[in-house]
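To start, the structure under review is shown below, and the notes come after it.
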Amino acid sequence: MAIVLGLDSSTQSLSAIVLDTEAGSILWEETVRFGEDLPAYNAPHGFIPDSPSGQVHADPMMWLDALDLLFARIKSQGFDLQSIRAISGAGQQHGSVYLDASFSDRLSRLEPKELLSKQLTSSLTRPTSPIWMDGTTTTACRQIEEKLGGPLEVCRRSGSVAIRRFTGPQIRQFYQQSPEQYQATARIHLVSSFLASVMTGSSSRIDRGDGAGMNLMNLSTGGWDADLVEATAPDLASKLPALADSATVIGNIAPYFVNKYGFSEKCLSVLWTGDNPSSLVGMGAAQPGKVVISLGTSDTLFAALTEPLTDPNGFGHVFGNPWGEYMSLVCFRNGSLAREALRDELSAEWSDFEAAVSRPPLAKEVMLPFVEPEITPRTDGAGLMRNSSSELSTLERIRLLLEGQFLNMRLHSVWMQLQPDVIYVTGGASANQGICQVIADVFGAPVKRLSVSGSVCLGAGMRAAEAAFDESKQRLESLFCPTDPDSKIEPNRSLSPIYDNKLQEFAQLVRAL
Ligand code: XUL
């Protein structure tokens, strides 16, 4: 039983949670918002906006400044970081950081007087990191698939067809666009393994949960797939960290954090994973049987799997489950992005999203909920209102957007063969009753909210306790993952026939895209 720290480096923020696994309590929570708290990076939503090439990148030094700011804040508010006995974390999936041969050396002699960013920036061979929102690697995807004999072969091996935001195609594009910088790269890290490296003061391995989101790992062997690696870029094998089980203790915390923020030098550092595998643990859903919908910048739907089922349409993915075998996931880029865009366009409030469900659904209207380019299905910013008449009220438009989002989710999760008894929701927008009601109605299943809001961070803390101190998974789940008893939202079953029809109409619209 111990005090552990979980970290979550997501698209828009870095969050921390401190758990006391003996008392079953949360001792501390803190968040650094990249846009507000680190305005010098000019990344209001955590990524560099309006790139002329259409690429979506973020500055990895911003993630490091966020680490420094986070610990400085926690320390200045009086929490004794010395009490923490193990740390793990989760990173937004697929993002990659490109480093030269000096990285390991610089990590081993980090100087507490300077910021991490100042000391590590010269190790970057690529000044910015492509993140999961990037969709510019279509050519690289096609080339990788061609070399492997087609998309289904890439999917059979790696759990996904070649996906534009996945790290392998991103690496190939970098190699093709900047061959010299690629050659100067000695290590390519994921966001998760990069930050784990910094926390530990030595270059980390990549966990299989997050490693599966690269189009480079072979799901059945759990190692790098030599053919995929070769098809991606020359000499790539030497640039990839080794893969390891998520529950690996990689060392002690780096002296930098001991000397600067007062951590104990005995504090253990556990391998980080991706945000979605971490959320699976933090939702208490690492055992098969629960379906989770996470409502964040992107929305995701995921569930634990015992077999690596794959999506024949190529939208869904199979990742590693840090506490089990596999997990299925399907990601929708227009999550909060689209909800926020419509709220702003209509000068509406979140309370209007609550009010929107108080009226009956419009049986004949269906909205494609894509304001930005979407990845499931692939479409380039179809525009929110394309399929609905302009005479709709604010509340009707909001309701149609939400219905469109969750009809899209229902349509694209059929391959997982799930029959949810309950859907667990998490992420910022899950606090909104209206949004949860639409999920319940569209799926025809009750929805429950986890009583703790940040399941990614929580999962990181729980993983730290399990990996470092062999704490029981069941006990950790029963302590930290209870659902909010008042949060069960029943579906209005009388609407099921309407939504079954809307699903058909929605599927037709999607086919016509
Ligand atoms: C999953 C995905 C997103 C990111 C966002 O495949 O791309 O959910 O992990 O953080």
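Starting from 1 in every chain, residues are counted up; chains themselves are A, B, ... following the order of the structure tokens, and ligands are numbered from 1 as listed.
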
Could you pull out the helix (DSSP H, G or I) residues of region 226-379 of chain A, going by DSSP on the backbone, and write them as a PyMOL selection string? chain A and resi 226-232+236-239+255-261+275-282+336-345+350-358

Distance filter 8 Å around ligand 1, atoms: only C-alpha atoms and all ligand atoms, out as number ranges by chain: A: 10-11, 91-94, 132-133, 165-166, 213, 274-276, 296-300, 317, 329-333

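With only C-alpha atoms as the atoms that count, the minimum distance from Thr426 (chain A) to the choices A:Leu503, A:Leu395, A:Val292, A:Leu509 is reached by A:Val292.
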
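With distances restricted to only C-alpha atoms, A:Gln173 is the closest residue to Arg142 (chain A) from A:Ser9, A:Gln173, A:Ser294, A:Ser129.
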
Top pick for closest residue to Leu337 (chain A), considering A:Val366, A:Gly251, A:Gly324, A:Leu295 and counting only C-alpha atoms: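 For Leu337 (chain A), the nearest of the candidates is A:Leu295.
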
With DSSP run on the backbone, what are the strand (DSSP E) residues within region 16-203 of chain A? I'd like them as a VMD selection string. chain A and resid 16 to 20 25 to 33 57 to 58 86 to 91 96 to 99 129 to 130 187 to 190

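Proximity of A:Thr376, A:Thr310, A:Ser123, A:Ser472 to Met416 (chain A), computed with only C-alpha atoms, is greatest for A:Thr310.
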
Give me, as a tab-separated table (two decimals) with N, CA and C atoms, in the first residue's frame, all polymer residues having an atom no more than 10 Å from Leu513 (chain A), counting only C-alpha atoms and skipping those fewer than 4 positions away in the same chain.
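Written out: around38.tsv:
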chain	number	residue	atom	x	y	z
A	368	LEU	N	-24.47	15.14	-40.26
A	368	LEU	CA	-23.09	14.64	-40.24
A	368	LEU	C	-22.30	15.54	-39.29
A	377	PRO	N	-15.79	8.27	-40.19
A	377	PRO	CA	-15.14	7.82	-41.42
A	377	PRO	C	-14.18	8.89	-41.92
A	378	ARG	N	-13.34	8.51	-42.90
A	378	ARG	CA	-12.39	9.50	-43.41
A	378	ARG	C	-13.10	10.51	-44.29
A	379	THR	N	-13.08	11.75	-43.87
A	379	THR	CA	-13.69	12.80	-44.68
A	379	THR	C	-13.07	14.14	-44.31
A	380	ASP	N	-12.97	15.00	-45.28
A	380	ASP	CA	-12.28	16.25	-45.03
A	380	ASP	C	-13.24	17.37	-44.69
A	382	ALA	N	-16.59	17.82	-43.55
A	382	ALA	CA	-17.82	17.86	-44.33
A	382	ALA	C	-18.68	19.07	-43.97
A	508	GLN	N	-26.21	5.61	-44.80
A	508	GLN	CA	-26.28	5.99	-46.23
A	508	GLN	C	-25.52	7.27	-46.51
A	509	LEU	N	-25.69	8.24	-45.61
A	509	LEU	CA	-24.96	9.51	-45.80
A	509	LEU	C	-23.46	9.27	-45.77

Using only C-alpha atoms, determine which residues lie at most 8 Å from Asp134 (chain A), disregarding the query and same-chain residues fewer than 5 positions distant; provide the list as a ChimeraX atom specification. /A:54-57,164-165

List the spatial neighbours of Gly316 (chain A) as number ranges by chain - criterion: any atom at most 10 Å away, only C-alpha atoms, same-chain residues fewer than 3 positions off excluded. A: 155, 159-161, 163, 301-302, 309-313, 328-331, 376, 412-413, 415-416

Export of prior selection with N, CA and C atoms as a JSON list (two decimals), in the first residue's frame:
[["chain", "number", "residue", "atom", "x", "y", "z"],
["A", 155, "CYS", "N", -3.20, -4.73, -41.28],
["A", 155, "CYS", "CA", -4.16, -4.83, -40.18],
["A", 155, "CYS", "C", -3.97, -6.15, -39.42],
["A", 159, "GLY", "N", -2.90, -4.75, -36.15],
["A", 159, "GLY", "CA", -4.16, -4.43, -35.48],
["A", 159, "GLY", "C", -4.91, -3.28, -36.13],
["A", 160, "SER", "N", -4.30, -2.63, -37.12],
["A", 160, "SER", "CA", -4.95, -1.53, -37.83],
["A", 160, "SER", "C", -4.40, -1.50, -39.25],
["A", 161, "VAL", "N", -5.23, -1.09, -40.21],
["A", 161, "VAL", "CA", -4.67, -0.78, -41.53],
["A", 161, "VAL", "C", -3.71, 0.40, -41.34],
["A", 163, "ILE", "N", -2.63, 3.81, -40.83],
["A", 163, "ILE", "CA", -3.47, 4.93, -40.39],
["A", 163, "ILE", "C", -2.64, 6.21, -40.40],
["A", 301, "LEU", "N", -14.33, 5.20, -28.38],
["A", 301, "LEU", "CA", -15.13, 4.12, -27.80],
["A", 301, "LEU", "C", -14.18, 2.94, -27.70],
["A", 302, "PHE", "N", -14.10, 2.32, -26.54],
["A", 302, "PHE", "CA", -13.18, 1.19, -26.42],
["A", 302, "PHE", "C", -13.64, 0.15, -25.41],
["A", 309, "LEU", "N", -9.68, -9.07, -32.45],
["A", 309, "LEU", "CA", -10.63, -8.86, -33.56],
["A", 309, "LEU", "C", -10.20, -7.62, -34.32],
["A", 310, "THR", "N", -10.32, -7.62, -35.64],
["A", 310, "THR", "CA", -9.95, -6.39, -36.37],
["A", 310, "THR", "C", -11.13, -5.88, -37.19],
["A", 311, "ASP", "N", -11.08, -4.59, -37.49],
["A", 311, "ASP", "CA", -12.18, -3.94, -38.20],
["A", 311, "ASP", "C", -12.01, -4.10, -39.71],
["A", 312, "PRO", "N", -12.91, -4.84, -40.37],
["A", 312, "PRO", "CA", -12.73, -5.07, -41.81],
["A", 312, "PRO", "C", -12.81, -3.77, -42.62],
["A", 313, "ASN", "N", -13.42, -2.72, -42.05],
["A", 313, "ASN", "CA", -13.50, -1.45, -42.78],
["A", 313, "ASN", "C", -12.30, -0.55, -42.53],
["A", 328, "SER", "N", -9.99, -2.95, -28.00],
["A", 328, "SER", "CA", -10.41, -2.40, -29.29],
["A", 328, "SER", "C", -10.68, -0.93, -29.08],
["A", 329, "LEU", "N", -10.48, -0.16, -30.11],
["A", 329, "LEU", "CA", -10.72, 1.27, -29.98],
["A", 329, "LEU", "C", -11.11, 1.86, -31.32],
["A", 330, "VAL", "N", -12.04, 2.76, -31.26],
["A", 330, "VAL", "CA", -12.32, 3.54, -32.46],
["A", 330, "VAL", "C", -12.35, 5.00, -32.04],
["A", 331, "CYS", "N", -11.68, 5.82, -32.82],
["A", 331, "CYS", "CA", -11.44, 7.22, -32.42],
["A", 331, "CYS", "C", -12.16, 8.16, -33.40],
["A", 376, "THR", "N", -12.95, 8.83, -38.70],
["A", 376, "THR", "CA", -13.91, 7.72, -38.70],
["A", 376, "THR", "C", -15.29, 8.28, -38.99],
["A", 412, "HIS", "N", -19.80, 2.62, -36.27],
["A", 412, "HIS", "CA", -18.41, 2.20, -36.45],
["A", 412, "HIS", "C", -17.88, 1.31, -35.32],
["A", 413, "SER", "N", -18.79, 0.83, -34.46],
["A", 413, "SER", "CA", -18.32, -0.12, -33.43],
["A", 413, "SER", "C", -18.97, -1.48, -33.59],
["A", 415, "TRP", "N", -18.22, -3.86, -35.54],
["A", 415, "TRP", "CA", -17.21, -4.93, -35.71],
["A", 415, "TRP", "C", -16.70, -5.49, -34.38],
["A", 416, "MET", "N", -16.85, -4.71, -33.31],
["A", 416, "MET", "CA", -16.34, -5.19, -32.01],
["A", 416, "MET", "C", -17.25, -6.25, -31.39]]

Residues at most 6 Å from region 114-121 of chain A, counting only C-alpha atoms, excluding those fewer than 2 positions away in the same chain, as a list of chain:residue names?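 So the residues in contact are A:Met61, A:Leu64, A:Glu111, A:Pro112, A:Ser123, A:Leu124.
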
I'd like the contact shell of Gly461 (chain A) - 12 Å cut-off, only C-alpha atoms, skipping same-chain residues fewer than 6 positions apart - returned as a tab-separated table (two decimals) with N, CA and C atoms, in the first residue's frame.
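Result went into result.tsv, see below:
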chain	number	residue	atom	x	y	z
A	2	ALA	N	0.57	2.17	-0.90
A	2	ALA	CA	1.54	3.24	-1.08
A	2	ALA	C	0.89	4.50	-1.62
A	3	ILE	N	1.70	5.54	-1.61
A	3	ILE	CA	1.28	6.78	-2.25
A	3	ILE	C	1.92	6.80	-3.64
A	4	VAL	N	1.08	6.95	-4.66
A	4	VAL	CA	1.58	6.89	-6.05
A	4	VAL	C	1.07	8.10	-6.82
A	5	LEU	N	1.80	8.41	-7.89
A	5	LEU	CA	1.44	9.56	-8.73
A	5	LEU	C	1.12	9.07	-10.14
A	6	GLY	N	0.01	9.52	-10.68
A	6	GLY	CA	-0.32	9.25	-12.09
A	6	GLY	C	-0.30	10.55	-12.86
A	7	LEU	N	0.27	10.52	-14.06
A	7	LEU	CA	0.35	11.72	-14.91
A	7	LEU	C	-0.36	11.45	-16.24
A	8	ASP	N	-0.91	12.49	-16.82
A	8	ASP	CA	-1.60	12.35	-18.12
A	8	ASP	C	-1.22	13.53	-18.99
A	15	SER	N	-1.99	16.57	-16.56
A	15	SER	CA	-2.67	16.45	-15.27
A	15	SER	C	-1.95	15.46	-14.38
A	16	ALA	N	-2.15	15.65	-13.08
A	16	ALA	CA	-1.55	14.75	-12.09
A	16	ALA	C	-2.60	14.34	-11.08
A	17	ILE	N	-2.49	13.11	-10.60
A	17	ILE	CA	-3.34	12.67	-9.50
A	17	ILE	C	-2.45	11.91	-8.52
A	18	VAL	N	-2.61	12.19	-7.24
A	18	VAL	CA	-1.84	11.45	-6.23
A	18	VAL	C	-2.83	10.57	-5.47
A	19	LEU	N	-2.55	9.26	-5.46
A	19	LEU	CA	-3.44	8.30	-4.81
A	19	LEU	C	-2.80	7.74	-3.56
A	20	ASP	N	-3.59	7.58	-2.52
A	20	ASP	CA	-3.15	6.82	-1.35
A	20	ASP	C	-3.86	5.47	-1.47
A	21	THR	N	-3.13	4.44	-1.83
A	21	THR	CA	-3.79	3.17	-2.13
A	21	THR	C	-4.12	2.39	-0.86
A	24	GLY	N	-7.38	4.41	0.03
A	24	GLY	CA	-8.31	4.46	-1.11
A	24	GLY	C	-8.74	5.89	-1.40
A	25	SER	N	-7.83	6.83	-1.17
A	25	SER	CA	-8.25	8.23	-1.35
A	25	SER	C	-7.36	8.95	-2.37
A	26	ILE	N	-7.89	10.06	-2.85
A	26	ILE	CA	-7.13	10.92	-3.77
A	26	ILE	C	-6.56	12.05	-2.93
A	27	LEU	N	-5.23	12.19	-2.91
A	27	LEU	CA	-4.61	13.19	-2.06
A	27	LEU	C	-4.43	14.52	-2.77
A	28	TRP	N	-4.26	14.48	-4.08
A	28	TRP	CA	-3.96	15.73	-4.78
A	28	TRP	C	-4.33	15.61	-6.25
A	29	GLU	N	-4.80	16.69	-6.82
A	29	GLU	CA	-5.00	16.73	-8.28
A	29	GLU	C	-4.55	18.10	-8.78
A	84	ILE	N	5.74	10.30	-2.33
A	84	ILE	CA	5.35	9.48	-3.49
A	84	ILE	C	6.35	8.34	-3.71
A	85	ARG	N	5.81	7.11	-3.82
A	85	ARG	CA	6.72	5.96	-3.93
A	85	ARG	C	6.82	5.39	-5.34
A	86	ALA	N	5.89	5.73	-6.19
A	86	ALA	CA	5.99	5.28	-7.59
A	86	ALA	C	5.19	6.22	-8.49
A	87	ILE	N	5.67	6.31	-9.72
A	87	ILE	CA	5.03	7.20	-10.70
A	87	ILE	C	4.83	6.43	-12.01
A	88	SER	N	3.68	6.63	-12.62
A	88	SER	CA	3.57	6.23	-14.03
A	88	SER	C	2.76	7.30	-14.75
A	89	GLY	N	2.62	7.14	-16.04
A	89	GLY	CA	1.91	8.17	-16.77
A	89	GLY	C	1.33	7.62	-18.05
A	90	ALA	N	0.63	8.52	-18.75
A	90	ALA	CA	0.04	8.19	-20.03
A	90	ALA	C	0.22	9.39	-20.94
A	247	ALA	N	3.62	-3.23	-17.30
A	247	ALA	CA	3.89	-3.26	-15.86
A	247	ALA	C	5.39	-3.37	-15.57
A	269	SER	N	9.95	4.50	-11.02
A	269	SER	CA	9.37	5.00	-12.25
A	269	SER	C	8.88	3.80	-13.06
A	270	VAL	N	7.60	3.81	-13.38
A	270	VAL	CA	6.99	2.68	-14.11
A	270	VAL	C	6.75	3.14	-15.55
A	271	LEU	N	6.92	2.21	-16.48
A	271	LEU	CA	6.71	2.50	-17.90
A	271	LEU	C	5.37	3.23	-18.11
A	272	TRP	N	5.37	4.20	-19.01
A	272	TRP	CA	4.12	4.90	-19.34
A	272	TRP	C	3.40	4.14	-20.46
A	273	THR	N	2.11	4.44	-20.62
A	273	THR	CA	1.35	3.87	-21.72
A	273	THR	C	0.60	4.97	-22.46
A	278	SER	N	-4.56	3.57	-20.80
A	278	SER	CA	-4.57	3.99	-19.40
A	278	SER	C	-6.01	4.23	-18.92
A	279	SER	N	-6.81	4.80	-19.80
A	279	SER	CA	-8.19	5.06	-19.45
A	279	SER	C	-8.96	3.75	-19.22
A	281	VAL	N	-7.80	1.10	-17.90
A	281	VAL	CA	-7.50	0.70	-16.52
A	281	VAL	C	-8.24	1.62	-15.54
A	282	GLY	N	-8.18	2.92	-15.79
A	282	GLY	CA	-8.77	3.89	-14.86
A	282	GLY	C	-10.29	3.84	-14.82
A	454	GLY	N	-10.95	12.10	-14.20
A	454	GLY	CA	-9.85	11.84	-15.13
A	454	GLY	C	-9.39	10.40	-15.13
A	455	SER	N	-10.02	9.56	-15.97
A	455	SER	CA	-9.68	8.13	-15.92
A	455	SER	C	-8.28	7.84	-16.46
A	467	ALA	N	2.26	-2.18	-10.70
A	467	ALA	CA	3.56	-2.62	-11.25
A	467	ALA	C	4.65	-2.54	-10.18
A	468	ALA	N	4.63	-1.48	-9.38
A	468	ALA	CA	5.75	-1.28	-8.45
A	468	ALA	C	5.57	-2.09	-7.17
A	469	PHE	N	4.33	-2.29	-6.74
A	469	PHE	CA	4.12	-2.93	-5.43
A	469	PHE	C	3.20	-4.13	-5.51
A	471	GLU	N	0.23	-4.50	-6.18
A	471	GLU	CA	-1.08	-4.36	-5.53
A	471	GLU	C	-2.15	-5.01	-6.39
A	473	LYS	N	-5.19	-5.83	-8.63
A	473	LYS	CA	-5.95	-5.03	-9.60
A	473	LYS	C	-7.40	-4.87	-9.13
A	476	LEU	N	-7.65	-2.35	-6.36
A	476	LEU	CA	-7.49	-0.98	-6.86
A	476	LEU	C	-8.76	-0.53	-7.59
A	477	GLU	N	-9.33	-1.45	-8.37
A	477	GLU	CA	-10.57	-1.08	-9.09
A	477	GLU	C	-11.70	-0.79	-8.11
A	480	PHE	N	-10.94	2.67	-6.46
A	480	PHE	CA	-10.86	3.93	-7.22
A	480	PHE	C	-11.84	4.04	-8.39
